[in-house]
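Peer 1: If you scroll down you'll find the structure; I have some questions about it.
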Amino acid sequence: MIFTEMIYDVIIIGSGVAGSTCAKTLVEKGCSTLVIERKALPRHKSCSGILSPRAWRFIQDNFGEIPKSSFSKPDYLAGVNFCFPNGMQMPVDFVESEAPQVWRKEFDYWLLLQSKAEIHDNTNFLNFEENPDYIKVNCISHDKNVSYRCKYLVGADGPFSNIVHQLYPEFRKRFPFVFVGQYFYDADLELAQNRFHFFVNPKLGYYSWCNKKDQFWNIGCAPLKPGRFLEFQRRVEEHLKKKHGLKIRRILHADGCYENGGMSATNHYLFGRGNVLVTGQAAGFLDFLGEGMTPSMISGKQAARAIITAQDTGQPLINLYEEMTMAERIHCSDTWNPLQLLSAKPLEADVKKAIMKLPAVDILYVLGGIAKLCKNYYGLGWGIPMIKAMLKRFLTGHY
Ligand SMILES: Cc1cc2nc3c(=O)[nH]c(=O)nc-3n(C[C@H](O)[C@H](O)[C@H](O)COP(=O)(O)OP(=O)(O)OC[C@H]3O[C@@H](n4cnc5c(N)ncnc54)[C@H](O)[C@@H]3O)c2cc1C
C-alpha cells in the first residue's frame with residue numbers, strides 16, 4: 001500500500017467535463033486539486049459529441065475557444081431533426097446559434113489540461129473513508145493500492161458512479177439504468193449532415209438517433225432490454241434503409257454504456273453527504289435527447305463554488321450545493337417535461353413553432369407519435385414520477 005503525504009483540498013474522481021470544470025474553478029481559487037481518472041489519458045468516451053449552444057457559451061466564458069483539433073465534420077450543427085415512423089421529418093433549428101460537434105477524446109483532454117489541476121490517470125477509485133480531519137481515498141493505480149487524503153471529495157465519475165454507489169447503496173436498484181449503444185458506419189444516408197436526427201419511433205427502443213461525424217454515420221439506440229441491443233440496432237438499420245436510403249459499406253467501430261436519464265426525468269438528483277459531493281451525470285444531470293455535457297459542466301462549476309463558499313463561511317456544504325444547482329436542476333428536468341417543451345424552449349429549439357407550422361393532420365400524427373414513445377418509459381417505472389413532477393412544475397413553478 002502506498003500512502004501520499006499531502007492532504008489535498010479537493011480530490012475529484014473522473015476527468016470528464018464535470019470533473020474538469022470543477023477542477024478549473026477550484027484551481028483558480030487557489031485550492032490544491034487532484035483529478036483521478038481510471039483510464040489512460042486522453043481517453044475515449046462513448047458520445048455523439050454535440051455541444052448545445054448553451055454549452056458553447058459556457059465553454060467560451062470559462063475556457064475560451066474550442067481548439068480546431070477537437071472538432072469533427074460537420075463542425076457545427078444547425079439543429080435537431082425529428083424523424084417519424086412513416087418517414088416524415090420535422091427539422092427544428094437551434095434558437096441562438098449553431099452547436100459545435102467535437103470528438104470527446106480530444107475535447108475532454110483539452111478541458112482537463114486547461115484546469116491546471118494535478119492529474120493521476122490509470123488510477124481506479126475504489127472507496128473512501130471519512131475521518132474527523134480528512135477523507136481517505138482508496139484507489140488502485142498501475143496494479144498497486146494507493147491511498148490519498150483530502151478535505152473534500154467530489155464524485156464526477158459519470159452515470160455508473162462508484163461514489164454514488166457507496167453513498168446510496170440502494171440507488172442502482174431504484175432507477176433502472178438504460179443501455180445505450182452506437183455503431184460508426186461507413187455508409188450513405190439521405191438525411192441532412194448538419195443535424196442531429198432523433199427517431200420518434202417506439203419500435204426502435206427508448207431512444208434512437210444518428211449524426212454524421214467525419215467520414216462516419218454514427219447510428220445508435222437504447223433497446224427496451226439491455227441484452228437486445230443488436231436486435232434493436234438491426235431494427236434501426238432496417239428503418240433507415242426503408243425510409244432514408246441507408247446503404248452500409250462497413251461497420252467500423254461500436255461502443256456503449258449505461259445511462260441514468262430517469263434521475264432528471266423524474267427530478268431525483270443526488271448531492272452527496274458531509275464533505276463528499278456528487279456532480280455531473282453521477283448526480284443525475286442529463287438533458288432529454290441524451291445531452292449531458294451542458295448540465296454536467298454547469299453542475300461541476302457549482303460543486304466547486306459550493307466548496308469554496310463552505311470553506312470561507314462555514315455553511316453546510318450540501319445545503320449550499322443544493323441551493324446553487326436549483327436553477328440547473330429545473331432546466332434539466334424541464335427538457336424531459338412535455339408541457340415545458342411545448343411552452344418554453346428548454347432544448348434551445350422551438351419545438352412548438354415547428355409543430356404549429358405543420359398541417360393539422362400531421363400535428364395529430366406528431367403528438368400521437370410523441371405520446372407512444374413516452375409510453376415506453378412506463379416500462380422503466382418513470383411514468384408516474386414524471387407525471388407527478390410535471391404537474392408540480394405546472395402548479396407551483398418548480399419541482
Ligand atoms: C452514446 C451517447 C451519446 C451522447 N451524446 C451526447 C451529445 O451529443 N451531447 C451531450 O451533451 N451529451 C451526450 N451524451 C451524454 C454525455 O456523454 C454525458 O452526459 C457526459 O459525458 C457526462 O459528463 P461527466 O463528466 O459527468 O461524466 P463522464 O463524461 O462519464 O466522465 C466520467 C469520468 O469518470 C471516470 N471514472 C468512472 N469511474 C471511475 C473510477 N472508479 N475511478 C476513476 N475514474 C472513474 C470515467 O472513466 C470518465 O472519464 C451522450 C452519451 C452517450 C452514451
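How things are named: the first chain in the C-alpha cells is A, the next is B, and so on; residues count from 1 in each chain; ligands count from 1 in the order shown.
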If we count only C-alpha atoms and set the cut-off at 9 Å, which residues sit around A:Gly292, ignoring sequence neighbours fewer than 5 positions away in its own chain? Please answer as a list of chain:residue names.
Peer 2: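 Counting only the stated atoms, we get A:Gly280, A:Gln281, A:Phe285, A:Leu286, A:Asp287, A:Met297.
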Peer 1: Set out as a tab-separated table a contact list for stretch 281-350 of chain A and stretch 161-166 of chain A with a cut-off of 12 Å, giving each residue of stretch 281-350 of chain A that qualifies its closest atom pair and distance in Å to one decimal, counting only C-alpha atoms, ordered by chain and rising residue number.
Peer 2:
```
residue	atom	partner	partner_atom	distance
A:Gln281	CA	A:Ser161	CA	8.7
A:Ala282	CA	A:Ser161	CA	5.6
A:Ala283	CA	A:Val164	CA	7.8
A:Gly284	CA	A:Val164	CA	10.3
```
Peer 1: Please produce a file of those selected residues containing C-alpha atoms, as a PDB file, in the first residue's frame.
Peer 2:
```pdb
ATOM      1  CA  GLN A 281     -24.097  12.878 -14.693  1.00  0.00           C
ATOM      2  CA  ALA A 282     -23.259  10.989 -11.485  1.00  0.00           C
ATOM      3  CA  ALA A 283     -25.622  13.390  -9.692  1.00  0.00           C
ATOM      4  CA  GLY A 284     -28.320  12.894 -12.357  1.00  0.00           C
TER       5      GLY A 284
END
```
Peer 1: Could you pull the residues within 10 Å of A:Ile355, counting only C-alpha atoms, minus those fewer than 2 positions along the same chain, as number ranges by chain?
Peer 2: A: 90-92, 342, 350-353, 357-360, 362-364, 366-367
Peer 1: Show me, as number ranges by chain, the residues that have an atom within 9 Å of A:Thr123 when counting only C-alpha atoms, minus same-chain residues fewer than 3 positions from it.
Peer 2: A: 36-40, 120, 139-143, 146
Peer 1: Residues within 7 Å of A:Ala254, please, as a PyMOL selection string. Count only C-alpha atoms; anything in the same chain fewer than 6 positions from it doesn't count.
Peer 2: chain A and resi 182-184
Peer 1: Save the residues we just selected, C-alpha atoms, as a PDB file, in the first residue's frame?
Peer 2:
```pdb
ATOM      1  CA  GLN A 182     -23.833   3.082 -31.114  1.00  0.00           C
ATOM      2  CA  TYR A 183     -22.093   1.920 -34.282  1.00  0.00           C
ATOM      3  CA  PHE A 184     -19.967   4.046 -36.603  1.00  0.00           C
TER       4      PHE A 184
END
```
Peer 1: Just want the 12 Å neighbourhood of A:Asn319, counted on only C-alpha atoms, with same-chain residues fewer than 2 positions away dropped. Output as a list in words.
Peer 2: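 Near A:Asn319, the qualifying residues are Leu270, Phe271, Gly272, Arg273, Gly274, Asn275, Leu277, Ala303, Ala306, Ile307, Thr309, Ala310, Gly314, Gln315, Pro316, Leu317, Tyr321, Glu322, Glu323, Met324, Thr325 and Met326 of chain A.
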Peer 1: Could you check the closest approach to A:Cys47 for each of A:Cys257, A:Ile384, A:Ala117, A:Leu111 and tell me which residue wins, using only C-alpha atoms?
Peer 2: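 The answer is A:Cys257, which sits nearest to A:Cys47.
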Peer 1: Hey, what's within 8 Å of stretch 5-20 of chain A if we count only C-alpha atoms and toss same-chain stuff fewer than 6 positions away? As a PyMOL selection string, please?
Peer 2: chain A and resi 31-38+108+111-112+115+125+134+148-158+279-281+293+296-301
Peer 1: So, counting only C-alpha atoms, which residue among A:Asn201, A:His268, A:Asn81, A:Ser72 is closest to A:Trp217?
Peer 2: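 Using only C-alpha atoms, A:Trp217 sits closest to A:Ser72.
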Peer 1: Based on DSSP run over this structure's backbone, return all residues of stretch 155-215 of chain A in alpha helix (DSSP H), as a list of chain:residue names.
Peer 2: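 These are the residues in question: A:Asn162, A:Ile163, A:Val164, A:His165, A:Gln166, A:Leu167, A:Phe171, A:Arg172, A:Lys173, A:Arg174.
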Peer 1: Go through A:Leu339, A:Gln114, A:Gly220, A:Lys242 and flag the residue nearest A:Leu395, using only C-alpha atoms for the distances.
Peer 2: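 That would be A:Leu339, the residue with the smallest distance to A:Leu395.
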